[in-house]
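Take a look at the structure set out below.
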Amino acid sequence: MMVRFGVCVFALGACATNPVTGRRELALVSESQEVAMGLEAAKDAARQMGVYPDSGLQSYVQSLGMPMARASERPSLPWSFTVIDDPAVNAFALPGGPIFVTRGILGYMNSEAQLVSVLGHEIGHVTARHSVNQMSKAQLTQGLFVGAMILRPELQRFGDLGGQALGLMFMKFGRDDETQSDDLGFRYMTKASFDPAEMTEMFRTLDRTSGGGERTPEWMSTHPNPGNRVAKTQERIAAWTRPTGPLTVNRDRFLQRIDGMVFGDDPRQGYFTQTVFYHPTLKLRLDFPAGWRTQNQAEQVAAVSAQQDAIMVMTLEGATTPQQAMAKFGAQQGLQMSASSGAAINGLPAASAQFQAQTQQAVIQGWVTFVQLEGTTYRLLAYTDQQRFNQYDRIFRASLSSFQRLTDPAALSVKPARLRLVRLTSGMTLSQFNQQYPSVIPIEQLAVINGVDAATATFPSGAWVKRVVIQ
Ligand SMILES: [Zn+2]
């Protein structure tokens with residue numbers, strides 16, 4: 001999914017005018033290259049992370065973002081707005097116009113105007129060409145990436161598993177870029193007559209998520225906090241000429257739109273109990289080595305050893321046989337295969353072999369197994385540095401041979417948690433609400449997703465309030 005920097009599209013540098021600042025600056029990427037790269041990365045992002053399967057919600061978000069994008073400094077870019085099926089609280093913009101928000105961040109928003117402020121901020125990264133500038137720098141320092149092979153994506157992710165993976169999507173911008181995007185987001189949302197006070201609320205909510213022991217949302221870690229964003233937004237509001245007409249907030253309309261949306265991890269897309277991976281939809285189970293750090297993504301499931309010197313990755317190979325898949329794998333240049341076997345694994349058709357490959361950094365050695373379940377073949381790769389292979393060999397083989405059909409009825413029928421909106425018929429405090437309408441999340445988190453302070457929150461009669469349930 002990584003943007004392929006190796007393709008020689010950046011041979012010559014050129015100066016371009018920044019659409020937002022009007023300044024001339026060095027750009028190694030033309031607009032058509034920017035668009036092409038963004039579209040390619042967008043396809044990868046959608047495939048890797050999965051698009052949230054609710055076309056109504058997709059077109060709703062599109063309908064909020066598009067008018068701001070069309071009214072921006074770069075109206076003719078191929079803008080798009082997509083909700084990603086990811087529980088992380090995140091939003092990102094790709095070069096040339098594709099903008100993504102996760103269902104995770106939607107669950108933390110409490111009005112249309114709050115969501116619009118996030119979209120406006122991301123539009124700002126595109127109109128100000130922040131990612132293009134980043135790419136130019138990355139391109140200058142990175143040079144050509146040689147060393148191809150089909151193994152390459154896994155090797156790249158090897159180092160990424162610990163931190164923010166997925167390169168471009170989680171590209172970090174500097175504080176100045178963030179401040180500029182906040183400025184632009186403010187400008188775009190107010191131009192579209194949304195109430196900028198909701199931008200303050202949005203930042204308050206994101207601030208709350210970083211307290212209280214919750215996992216810091218990705219949006220906070222990829223978006224370095226440019227000072228106090230709440231205070232800065234209030235300064236912008238003070239300096240802004242309020243229009244005479246009404247401002248849009250649309251709290252209820254937004255909340256009704258996200259009613260029923262999946263909240264948190266969706267176990268139907270695979271989940272871990274310790275290091276045992278269950279996939280109820282694909283009906284499979286795989287035991288990764290105990291103590292390893294695991295990661296479940298739309299396109300792959302992976303685990304790294306505690307010392308980060310060995311990796312195991314499961315991917316979908318498709319409607320091919322294990323033997324055909326193995327023949328194709330073995331035919332790759334630079335691979336040496338040995339110890340092949342066609343023995344079944346837990347009654348499932350399989351093909352296994354040991355491989356060695358020369359990479360840029362080292363010689364790696366490991367096992368590859370193709371195993372078929374319900375007509376679909378999966379590829380399991382387990383490898384390490386050649387020197388450590390003997391140390392991991394048994395662990396690899398135990399894990400690879402644990403692949404089996406999932407038959408546990410409880411695991412097969414697992415359901416995700418969902419947001420449910422309750423319309424209050426009388427006023428109550430948050431804790432009264434939580435007693436009357438229990439949630440599967442702690443009350444502190446319930447406060448955050450409702451955009452209120454746990455200690456002092458009261459809701460009036462008629463208010464829509466979020467809860468999280470499994471049903
Ligand atoms: Zn940003």
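Naming scheme: A, B, ... for chains in displayed order of the structure tokens; residues 1 onward per chain; ligands 1 onward as shown.
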For ligand 1, collect every residue having any atom at a distance of at most 7 Å from a ligand atom (counting only C-alpha atoms and all ligand atoms); output as a list in words.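 Here is the list of contacting residues: His121, Glu122, His125, Phe173, Glu178, Ser181 and His223 of chain A.
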Nearby residues (only C-alpha atoms) at most 12 Å from Gln323 (chain A), same-chain spacing under 6 positions excluded, as a PyMOL selection string: chain A and resi 317+329-330+340-344+349-353+368-372+377-379
Once you have the residues from the selection above, write them out as a PDB file, in the first residue's frame, restricted to N, CA and C atoms.
```pdb
ATOM      1  N   GLU A 317      -4.766 -15.226   0.044  1.00  0.00           N
ATOM      2  CA  GLU A 317      -4.151 -15.488  -1.253  1.00  0.00           C
ATOM      3  C   GLU A 317      -5.229 -15.545  -2.334  1.00  0.00           C
ATOM      4  N   PHE A 329       4.792 -18.533  -5.452  1.00  0.00           N
ATOM      5  CA  PHE A 329       5.649 -17.937  -4.418  1.00  0.00           C
ATOM      6  C   PHE A 329       7.106 -18.334  -4.644  1.00  0.00           C
ATOM      7  N   GLY A 330       7.302 -19.640  -4.904  1.00  0.00           N
ATOM      8  CA  GLY A 330       8.661 -20.156  -5.067  1.00  0.00           C
ATOM      9  C   GLY A 330       9.367 -19.647  -6.304  1.00  0.00           C
ATOM     10  N   SER A 340       9.944 -28.650   1.238  1.00  0.00           N
ATOM     11  CA  SER A 340       8.518 -28.483   0.933  1.00  0.00           C
ATOM     12  C   SER A 340       7.717 -29.730   1.294  1.00  0.00           C
ATOM     13  N   SER A 341       6.475 -29.478   1.641  1.00  0.00           N
ATOM     14  CA  SER A 341       5.597 -30.563   2.058  1.00  0.00           C
ATOM     15  C   SER A 341       4.165 -30.240   1.645  1.00  0.00           C
ATOM     16  N   GLY A 342       3.431 -31.265   1.281  1.00  0.00           N
ATOM     17  CA  GLY A 342       2.035 -31.070   0.903  1.00  0.00           C
ATOM     18  C   GLY A 342       1.085 -31.642   1.935  1.00  0.00           C
ATOM     19  N   ALA A 343       1.592 -31.804   3.158  1.00  0.00           N
ATOM     20  CA  ALA A 343       0.767 -32.400   4.211  1.00  0.00           C
ATOM     21  C   ALA A 343      -0.372 -31.485   4.607  1.00  0.00           C
ATOM     22  N   ALA A 344      -1.531 -32.066   4.862  1.00  0.00           N
ATOM     23  CA  ALA A 344      -2.698 -31.297   5.291  1.00  0.00           C
ATOM     24  C   ALA A 344      -2.457 -30.720   6.689  1.00  0.00           C
ATOM     25  N   PRO A 349      -6.434 -28.751   3.155  1.00  0.00           N
ATOM     26  CA  PRO A 349      -5.393 -28.826   2.127  1.00  0.00           C
ATOM     27  C   PRO A 349      -4.335 -27.748   2.360  1.00  0.00           C
ATOM     28  N   ALA A 350      -3.066 -28.132   2.264  1.00  0.00           N
ATOM     29  CA  ALA A 350      -2.005 -27.163   2.575  1.00  0.00           C
ATOM     30  C   ALA A 350      -0.745 -27.472   1.800  1.00  0.00           C
ATOM     31  N   ALA A 351       0.127 -26.489   1.695  1.00  0.00           N
ATOM     32  CA  ALA A 351       1.468 -26.661   1.148  1.00  0.00           C
ATOM     33  C   ALA A 351       2.400 -25.799   1.975  1.00  0.00           C
ATOM     34  N   SER A 352       3.513 -26.384   2.409  1.00  0.00           N
ATOM     35  CA  SER A 352       4.448 -25.635   3.260  1.00  0.00           C
ATOM     36  C   SER A 352       5.860 -25.773   2.725  1.00  0.00           C
ATOM     37  N   ALA A 353       6.682 -24.797   2.992  1.00  0.00           N
ATOM     38  CA  ALA A 353       8.094 -24.874   2.635  1.00  0.00           C
ATOM     39  C   ALA A 353       8.885 -23.866   3.444  1.00  0.00           C
ATOM     40  N   VAL A 368       6.874 -20.657   4.833  1.00  0.00           N
ATOM     41  CA  VAL A 368       5.664 -20.172   4.184  1.00  0.00           C
ATOM     42  C   VAL A 368       4.695 -21.349   4.102  1.00  0.00           C
ATOM     43  N   THR A 369       3.460 -21.078   4.473  1.00  0.00           N
ATOM     44  CA  THR A 369       2.423 -22.104   4.398  1.00  0.00           C
ATOM     45  C   THR A 369       1.223 -21.544   3.659  1.00  0.00           C
ATOM     46  N   PHE A 370       0.714 -22.308   2.729  1.00  0.00           N
ATOM     47  CA  PHE A 370      -0.562 -21.970   2.098  1.00  0.00           C
ATOM     48  C   PHE A 370      -1.569 -23.003   2.551  1.00  0.00           C
ATOM     49  N   VAL A 371      -2.701 -22.529   3.026  1.00  0.00           N
ATOM     50  CA  VAL A 371      -3.695 -23.462   3.534  1.00  0.00           C
ATOM     51  C   VAL A 371      -5.071 -23.010   3.069  1.00  0.00           C
ATOM     52  N   GLN A 372      -5.903 -23.992   2.722  1.00  0.00           N
ATOM     53  CA  GLN A 372      -7.184 -23.674   2.095  1.00  0.00           C
ATOM     54  C   GLN A 372      -8.341 -24.011   3.026  1.00  0.00           C
ATOM     55  N   THR A 377      -7.675 -19.710  -0.177  1.00  0.00           N
ATOM     56  CA  THR A 377      -6.347 -20.054   0.310  1.00  0.00           C
ATOM     57  C   THR A 377      -5.729 -18.874   1.050  1.00  0.00           C
ATOM     58  N   TYR A 378      -5.134 -19.166   2.190  1.00  0.00           N
ATOM     59  CA  TYR A 378      -4.470 -18.163   3.024  1.00  0.00           C
ATOM     60  C   TYR A 378      -2.973 -18.386   2.968  1.00  0.00           C
ATOM     61  N   ARG A 379      -2.246 -17.285   3.008  1.00  0.00           N
ATOM     62  CA  ARG A 379      -0.784 -17.394   3.061  1.00  0.00           C
ATOM     63  C   ARG A 379      -0.305 -17.032   4.459  1.00  0.00           C
TER      64      ARG A 379
END
```
Could you tell me how far CA of Met37 (chain A) lies from CA of Leu94 (chain A), in Å and to one decimal? 8.5 Å
Neighbours of region 192-208 of chain A within 6 Å (only C-alpha atoms; same-chain residues fewer than 2 positions away dropped), as JSON, numbers by chain? {"A": [113, 114, 117, 189, 190, 210, 211, 230, 233, 247, 248, 249, 451]}
Residue with smallest distance to Met66 (chain A) - pool A:Arg253, A:Ala239, A:Ile123, A:Asn110, counting only C-alpha atoms: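 So, comparing all the options, the nearest one is A:Ile123.
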Just checking: using only C-alpha atoms, which residue out of A:Pro19, A:Gly65, A:Pro95, A:Gly375 ends up closest to Glu40 (chain A)? A:Pro95
Can you pull out every residue within 10 Å of region 417-430 of chain A, counting only C-alpha atoms, but drop anything in the same chain fewer than 3 positions away, and send it as a PyMOL selection string? chain A and resi 107+252+255-267+414+433-437+439-441+443-444+446-447+449-450+452-471
Name the residues of region 218-363 of chain A that fall into helix (DSSP H, G or I) according to DSSP on the backbone, using the chain letters and numbers of this document, as an MDAnalysis selection string. chainID A and resid 218:222 229:239 251:258 267:269 322:330
Kindly save the residues from that selection, with N, CA and C atoms included, as an mmCIF file, in the first residue's frame.
```
data_model
loop_
_atom_site.group_PDB
_atom_site.id
_atom_site.type_symbol
_atom_site.label_atom_id
_atom_site.label_comp_id
_atom_site.auth_asym_id
_atom_site.auth_seq_id
_atom_site.Cartn_x
_atom_site.Cartn_y
_atom_site.Cartn_z
ATOM 1 N N GLU A 218 -5.319 8.342 17.387
ATOM 2 C CA GLU A 218 -4.314 8.505 16.355
ATOM 3 C C GLU A 218 -4.275 9.936 15.829
ATOM 4 N N TRP A 219 -5.460 10.532 15.783
ATOM 5 C CA TRP A 219 -5.494 11.887 15.227
ATOM 6 C C TRP A 219 -4.656 12.839 16.056
ATOM 7 N N MET A 220 -4.560 12.552 17.374
ATOM 8 C CA MET A 220 -3.750 13.399 18.238
ATOM 9 C C MET A 220 -2.272 13.119 18.027
ATOM 10 N N SER A 221 -1.930 11.864 17.799
ATOM 11 C CA SER A 221 -0.505 11.573 17.682
ATOM 12 C C SER A 221 0.032 11.919 16.287
ATOM 13 N N THR A 222 -0.814 11.842 15.274
ATOM 14 C CA THR A 222 -0.341 12.246 13.951
ATOM 15 C C THR A 222 -0.506 13.746 13.761
ATOM 16 N N ARG A 229 -5.385 24.393 21.258
ATOM 17 C CA ARG A 229 -6.256 24.571 20.095
ATOM 18 C C ARG A 229 -7.616 25.109 20.494
ATOM 19 N N VAL A 230 -8.053 24.783 21.701
ATOM 20 C CA VAL A 230 -9.330 25.314 22.162
ATOM 21 C C VAL A 230 -9.235 26.835 22.269
ATOM 22 N N ALA A 231 -8.189 27.303 22.943
ATOM 23 C CA ALA A 231 -8.004 28.750 23.123
ATOM 24 C C ALA A 231 -7.801 29.446 21.778
ATOM 25 N N LYS A 232 -7.031 28.804 20.917
ATOM 26 C CA LYS A 232 -6.782 29.418 19.593
ATOM 27 C C LYS A 232 -8.074 29.561 18.802
ATOM 28 N N THR A 233 -8.944 28.532 18.909
ATOM 29 C CA THR A 233 -10.208 28.615 18.171
ATOM 30 C C THR A 233 -11.073 29.741 18.743
ATOM 31 N N GLN A 234 -11.022 29.873 20.079
ATOM 32 C CA GLN A 234 -11.785 30.962 20.691
ATOM 33 C C GLN A 234 -11.264 32.325 20.239
ATOM 34 N N GLU A 235 -9.950 32.429 20.070
ATOM 35 C CA GLU A 235 -9.384 33.690 19.542
ATOM 36 C C GLU A 235 -9.871 33.954 18.121
ATOM 37 N N ARG A 236 -9.905 32.887 17.319
ATOM 38 C CA ARG A 236 -10.391 33.051 15.944
ATOM 39 C C ARG A 236 -11.843 33.531 15.938
ATOM 40 N N ILE A 237 -12.630 32.948 16.844
ATOM 41 C CA ILE A 237 -14.045 33.329 16.905
ATOM 42 C C ILE A 237 -14.180 34.804 17.312
ATOM 43 N N ALA A 238 -13.340 35.231 18.259
ATOM 44 C CA ALA A 238 -13.400 36.619 18.726
ATOM 45 C C ALA A 238 -13.047 37.595 17.605
ATOM 46 N N ALA A 239 -12.147 37.170 16.738
ATOM 47 C CA ALA A 239 -11.693 38.064 15.680
ATOM 48 C C ALA A 239 -12.566 37.985 14.422
ATOM 49 N N ARG A 251 -27.073 19.190 15.515
ATOM 50 C CA ARG A 251 -26.725 18.129 16.460
ATOM 51 C C ARG A 251 -27.592 16.883 16.251
ATOM 52 N N ASP A 252 -28.906 17.079 16.299
ATOM 53 C CA ASP A 252 -29.807 15.919 16.236
ATOM 54 C C ASP A 252 -29.676 15.170 14.913
ATOM 55 N N ARG A 253 -29.593 15.926 13.822
ATOM 56 C CA ARG A 253 -29.503 15.282 12.508
ATOM 57 C C ARG A 253 -28.254 14.396 12.431
ATOM 58 N N PHE A 254 -27.138 14.927 12.950
ATOM 59 C CA PHE A 254 -25.904 14.154 12.939
ATOM 60 C C PHE A 254 -26.035 12.893 13.802
ATOM 61 N N LEU A 255 -26.566 13.082 15.017
ATOM 62 C CA LEU A 255 -26.645 11.938 15.934
ATOM 63 C C LEU A 255 -27.542 10.843 15.369
ATOM 64 N N GLN A 256 -28.625 11.237 14.720
ATOM 65 C CA GLN A 256 -29.497 10.209 14.147
ATOM 66 C C GLN A 256 -28.813 9.473 13.002
ATOM 67 N N ARG A 257 -27.933 10.178 12.301
ATOM 68 C CA ARG A 257 -27.182 9.551 11.217
ATOM 69 C C ARG A 257 -26.245 8.449 11.715
ATOM 70 N N ILE A 258 -25.661 8.648 12.895
ATOM 71 C CA ILE A 258 -24.696 7.650 13.372
ATOM 72 C C ILE A 258 -25.342 6.625 14.311
ATOM 73 N N PRO A 267 -15.578 -7.369 16.169
ATOM 74 C CA PRO A 267 -15.021 -8.728 16.288
ATOM 75 C C PRO A 267 -15.363 -9.614 15.096
ATOM 76 N N ARG A 268 -16.386 -9.217 14.306
ATOM 77 C CA ARG A 268 -16.706 -10.026 13.131
ATOM 78 C C ARG A 268 -15.599 -9.948 12.095
ATOM 79 N N GLN A 269 -14.746 -8.932 12.209
ATOM 80 C CA GLN A 269 -13.619 -8.807 11.287
ATOM 81 C C GLN A 269 -12.350 -9.394 11.884
ATOM 82 N N PRO A 322 -3.436 -24.359 -2.684
ATOM 83 C CA PRO A 322 -2.167 -24.170 -1.967
ATOM 84 C C PRO A 322 -0.964 -24.504 -2.859
ATOM 85 N N GLN A 323 -1.080 -25.546 -3.677
ATOM 86 C CA GLN A 323 0.039 -25.946 -4.536
ATOM 87 C C GLN A 323 0.347 -24.865 -5.575
ATOM 88 N N GLN A 324 -0.717 -24.350 -6.205
ATOM 89 C CA GLN A 324 -0.502 -23.288 -7.198
ATOM 90 C C GLN A 324 0.118 -22.053 -6.547
ATOM 91 N N ALA A 325 -0.408 -21.702 -5.378
ATOM 92 C CA ALA A 325 0.111 -20.527 -4.676
ATOM 93 C C ALA A 325 1.577 -20.718 -4.317
ATOM 94 N N MET A 326 1.926 -21.941 -3.895
ATOM 95 C CA MET A 326 3.303 -22.226 -3.527
ATOM 96 C C MET A 326 4.220 -22.133 -4.743
ATOM 97 N N ALA A 327 3.743 -22.669 -5.890
ATOM 98 C CA ALA A 327 4.558 -22.623 -7.106
ATOM 99 C C ALA A 327 4.850 -21.170 -7.477
ATOM 100 N N LYS A 328 3.849 -20.321 -7.354
ATOM 101 C CA LYS A 328 4.006 -18.908 -7.690
ATOM 102 C C LYS A 328 4.961 -18.234 -6.702
ATOM 103 N N PHE A 329 4.792 -18.533 -5.452
ATOM 104 C CA PHE A 329 5.649 -17.937 -4.418
ATOM 105 C C PHE A 329 7.106 -18.334 -4.644
ATOM 106 N N GLY A 330 7.302 -19.640 -4.904
ATOM 107 C CA GLY A 330 8.661 -20.156 -5.067
ATOM 108 C C GLY A 330 9.367 -19.647 -6.304
#
```
Proximity to Leu77 (chain A) - best of A:Ala410, A:Val363, A:Leu381, A:Ile99, only C-alpha atoms: A:Ile99
All strand (DSSP E) positions in region 19-132 of chain A, as a list in words: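 For region 19-132 of chain A, the strand (DSSP E) set is Arg24, Glu25, Leu26, Ala27, Ser80, Phe81, Thr82, Val83, Ile84, Ala91, Phe92, Ala93, Pro98, Ile99, Phe100, Val101 and Thr102 of chain A.
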Please provide as number ranges by chain all residues within 12 Å of Ala36 (chain A), with the sequence filter that same-chain residues fewer than 2 positions apart are discarded (counting only C-alpha atoms). A: 3-4, 9, 29-34, 38-43, 77-78, 94-98, 132
Taking C-alpha atoms for each residue, export the selection above as a PDB file, in the first residue's frame.
```
ATOM      1  CA  VAL A   3       3.299   4.947  -2.285  1.00  0.00           C
ATOM      2  CA  ARG A   4       6.033   3.744  -4.498  1.00  0.00           C
ATOM      3  CA  VAL A   9       8.277  10.629 -11.551  1.00  0.00           C
ATOM      4  CA  VAL A  29       5.549  17.064  -7.420  1.00  0.00           C
ATOM      5  CA  SER A  30       3.289  18.546 -10.100  1.00  0.00           C
ATOM      6  CA  GLU A  31      -0.435  18.751  -9.531  1.00  0.00           C
ATOM      7  CA  SER A  32      -1.152  15.828 -11.848  1.00  0.00           C
ATOM      8  CA  GLN A  33       1.456  13.734 -10.023  1.00  0.00           C
ATOM      9  CA  GLU A  34      -0.020  14.805  -6.708  1.00  0.00           C
ATOM     10  CA  GLY A  38      -3.238  10.500  -3.902  1.00  0.00           C
ATOM     11  CA  LEU A  39      -5.652   8.361  -5.898  1.00  0.00           C
ATOM     12  CA  GLU A  40      -3.340   5.376  -5.735  1.00  0.00           C
ATOM     13  CA  ALA A  41      -2.799   5.786  -2.005  1.00  0.00           C
ATOM     14  CA  ALA A  42      -6.549   6.252  -1.524  1.00  0.00           C
ATOM     15  CA  LYS A  43      -7.231   2.903  -3.181  1.00  0.00           C
ATOM     16  CA  LEU A  77      -9.320  18.613  -7.517  1.00  0.00           C
ATOM     17  CA  PRO A  78     -10.981  15.160  -7.521  1.00  0.00           C
ATOM     18  CA  LEU A  94      -4.118  12.315   0.948  1.00  0.00           C
ATOM     19  CA  PRO A  95      -2.476  14.468  -1.711  1.00  0.00           C
ATOM     20  CA  GLY A  96      -4.851  15.699  -4.397  1.00  0.00           C
ATOM     21  CA  GLY A  97      -8.114  15.461  -2.490  1.00  0.00           C
ATOM     22  CA  PRO A  98      -9.040  12.064  -0.998  1.00  0.00           C
ATOM     23  CA  VAL A 132       3.077  17.241  -1.211  1.00  0.00           C
TER      24      VAL A 132
END
```
What is the distance between CA of Arg103 (chain A) and CA of Thr127 (chain A), in Å to one decimal?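 Interatomic distance, CA of Arg103 (chain A) to CA of Thr127 (chain A): 24.0 Å.
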Contacts of region 47-62 of chain A at 7 Å (only C-alpha atoms; same-chain gap of 2+ positions) as a count of residues only: 17
